[in-house]
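S.K.: My questions all concern the structure below.
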Amino acid sequence: QVQLVESGGGLVQPGGSLRLSCVASGFTSDYHGIGWFRQAPGKGHEGVACISGGDDTTYYADSVKDRFTISRHNDDGKNTVFLQMNMTRLKPEDTDIYFCAIDFGLKRGAKVGSCYFGSWGQGTQVTVSS
């Protein structure tokens, strides 16, 4: 079973930057995509960014395009993926819990581009406030 562990959230002022990281381990099969979605307690989820499993095609929500950048490093020998998302020019509306998530091709869950996030980690809080 894949385990996803996020880190890097915190409090930042508007206009500032943060980097989120995720370690995804325990892969026993290929995945369609890996990325992030966000959700506030009691609110709906929003797919934020995804990078495809087969190549480095990336997808972004319109709300974060040109501000967030997702990247991935595979350690095939350990069946582990290291995922990062650099977030710049942060806005108060970016405040949310951010979840590292995987698309295993089930076409359910938060969507961004061609990625559907059906499995996710515990999440990390990002707060943008002065």
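By convention here, the chains of the structure tokens are called A, B, ... in the order presented, each chain's residues are numbered starting at 1, and ligands are numbered starting at 1 in the order presented.
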Hey, which bits of stretch 73-118 of chain A sit within 6 Å of stretch 43-56 of chain A, and for each residue what's the closest pair of atoms and how far apart in Å (one decimal), counting only C-alpha atoms, rows by chain and increasing number, as JSON lines?
M.R.:
```
{"residue": "A:Ala110", "atom": "CA", "partner": "A:Gly47", "partner_atom": "CA", "distance": 5.2}
{"residue": "A:Lys111", "atom": "CA", "partner": "A:Gly47", "partner_atom": "CA", "distance": 5.0}
{"residue": "A:Val112", "atom": "CA", "partner": "A:Gly47", "partner_atom": "CA", "distance": 4.8}
```
S.K.: Can those selected residues be exported to a file as a PDB file, in the first residue's frame so that it contains N, CA and C atoms?
M.R.:
```pdb
ATOM      1  N   ALA A 110     -10.683  14.420  -6.520  1.00  0.00           N
ATOM      2  CA  ALA A 110     -10.342  15.747  -7.013  1.00  0.00           C
ATOM      3  C   ALA A 110      -9.630  15.630  -8.360  1.00  0.00           C
ATOM      4  N   LYS A 111      -9.938  16.538  -9.266  1.00  0.00           N
ATOM      5  CA  LYS A 111      -9.440  16.448 -10.643  1.00  0.00           C
ATOM      6  C   LYS A 111      -8.667  17.700 -11.024  1.00  0.00           C
ATOM      7  N   VAL A 112      -7.561  17.510 -11.718  1.00  0.00           N
ATOM      8  CA  VAL A 112      -6.849  18.600 -12.368  1.00  0.00           C
ATOM      9  C   VAL A 112      -6.225  18.032 -13.625  1.00  0.00           C
TER      10      VAL A 112
END
```
S.K.: Per DSSP on the backbone, filter stretch 14-120 of chain A down to the residues in strand (DSSP E) and report them as a ChimeraX atom specification.
M.R.: /A:18-25,33-39,45-52,58-60,68-75,80-87,96-103,110-112,115-117,119-120
S.K.: I'd like the contact shell of A:Val126 - 10 Å cut-off, only C-alpha atoms, skipping same-chain residues fewer than 4 positions apart - returned as a list in words.
M.R.: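 With the cut-off at 10 Å, the set is Gly8, Gly9, Gly10, Leu11, Val12, Leu18, Leu20, Arg38, Leu90, Pro92, Asp94, Thr95, Asp96, Ile97 and Tyr98 of chain A.
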S.K.: For A:Val23, find every residue with an atom within 9 Å (counting only C-alpha atoms), except residues of its own chain fewer than 3 positions away, and show them as a list of chain:residue names.
M.R.: A:Gln3, A:Leu4, A:Val5, A:Glu6, A:Ser7, A:Thr80, A:Val81, A:Phe82, A:Leu83, A:Gln84, A:Cys100
S.K.: What is the atom CA of A:Asp76 to atom CA of A:Ile102 distance in Å?
M.R.: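 Straight-line distance from atom CA of A:Asp76 to atom CA of A:Ile102 works out to 16.5 Å.
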S.K.: Pick from A:Gly113, A:Phe37, A:Gly121, A:Lys107: nearest to A:Thr58, with only C-alpha atoms counted?
M.R.: A:Gly113
S.K.: Assign secondary structure with DSSP using the backbone only, and return the residues of chain A in helix (DSSP H, G or I) as an mmCIF file with N, CA, C and O atoms, in the first residue's frame.
M.R.:
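Writing the result to out19.cif gives the following:
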```
data_model
loop_
_atom_site.group_PDB
_atom_site.id
_atom_site.type_symbol
_atom_site.label_atom_id
_atom_site.label_comp_id
_atom_site.auth_asym_id
_atom_site.auth_seq_id
_atom_site.Cartn_x
_atom_site.Cartn_y
_atom_site.Cartn_z
ATOM 1 N N ASP A 76 13.558 4.600 -8.330
ATOM 2 C CA ASP A 76 12.958 3.336 -8.723
ATOM 3 C C ASP A 76 13.442 2.171 -7.867
ATOM 4 O O ASP A 76 12.698 1.217 -7.630
ATOM 5 N N GLY A 77 14.680 2.253 -7.427
ATOM 6 C CA GLY A 77 15.222 1.165 -6.626
ATOM 7 C C GLY A 77 14.496 0.996 -5.297
ATOM 8 O O GLY A 77 14.465 -0.096 -4.721
ATOM 9 N N LYS A 78 13.908 2.066 -4.794
ATOM 10 C CA LYS A 78 13.189 2.024 -3.522
ATOM 11 C C LYS A 78 11.689 2.169 -3.708
ATOM 12 O O LYS A 78 10.958 2.315 -2.725
ATOM 13 N N PRO A 92 -4.159 35.172 0.041
ATOM 14 C CA PRO A 92 -4.980 34.667 1.154
ATOM 15 C C PRO A 92 -5.912 33.531 0.720
ATOM 16 O O PRO A 92 -6.160 32.601 1.503
ATOM 17 N N GLU A 93 -6.400 33.583 -0.506
ATOM 18 C CA GLU A 93 -7.301 32.519 -0.976
ATOM 19 C C GLU A 93 -6.582 31.204 -1.234
ATOM 20 O O GLU A 93 -7.231 30.188 -1.514
ATOM 21 N N ASP A 94 -5.266 31.183 -1.135
ATOM 22 C CA ASP A 94 -4.524 29.918 -1.210
ATOM 23 C C ASP A 94 -4.519 29.183 0.128
ATOM 24 O O ASP A 94 -4.024 28.044 0.206
#
```
S.K.: Determine, counting only C-alpha atoms, which protein, DNA and RNA residues have an atom within 9 Å of an atom of A:Asp103; residues of the same chain fewer than 6 positions away are not included. Present the result as a ChimeraX atom specification.
M.R.: /A:31-35,52-53,109,115-119
S.K.: Using only C-alpha atoms, which of A:Gln125, A:Thr88, A:Ala61, A:Ser17 sits nearest A:Pro41?
M.R.: A:Gln125
S.K.: Between atom CA of A:Lys91 and atom CA of A:Ser130, what is the spacing in Å?
M.R.: 10.2 Å
S.K.: Rounded to one decimal place, report the atom CA of A:Gln122-atom CA of A:Gly15 distance in Å.
M.R.: 26.1 Å
S.K.: Skip A:Gln13 itself and residues of its chain fewer than 3 positions away, then list as a PyMOL selection string all residues within 6 Å of it, counting only C-alpha atoms.
M.R.: chain A and resi 16+128-130
S.K.: Could those selected residues go to a file with all heavy atoms, as a CSV table (one decimal), in the first residue's frame?
M.R.:
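Once written, part_23.csv looks like this:
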```csv
chain,number,residue,atom,x,y,z
A,16,GLY,N,4.3,36.0,-0.4
A,16,GLY,CA,5.4,35.2,-0.1
A,16,GLY,C,5.4,33.8,-0.8
A,16,GLY,O,4.6,33.6,-1.7
A,128,VAL,N,-2.1,31.8,4.5
A,128,VAL,CA,-1.5,33.0,3.9
A,128,VAL,C,-2.2,34.2,4.5
A,128,VAL,O,-3.4,34.4,4.3
A,128,VAL,CB,-1.7,33.0,2.4
A,128,VAL,CG1,-1.0,34.3,1.8
A,128,VAL,CG2,-1.1,31.8,1.7
A,129,SER,N,-1.5,34.9,5.4
A,129,SER,CA,-2.2,35.9,6.1
A,129,SER,C,-1.1,37.0,6.6
A,129,SER,O,0.0,36.6,6.9
A,129,SER,CB,-2.9,35.4,7.3
A,129,SER,OG,-3.4,36.4,8.2
A,130,SER,N,-1.5,38.2,6.7
A,130,SER,CA,-0.6,39.2,7.2
A,130,SER,C,-0.9,39.4,8.7
A,130,SER,O,-0.2,40.2,9.4
A,130,SER,CB,-0.8,40.5,6.5
A,130,SER,OG,-2.2,40.9,6.5
```
S.K.: Counting only C-alpha atoms, which residue out of A:Thr127, A:Ser114, A:Trp36, A:Trp120 sits closest to A:Thr57?
M.R.: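 Using only C-alpha atoms, A:Thr57 sits closest to A:Ser114.
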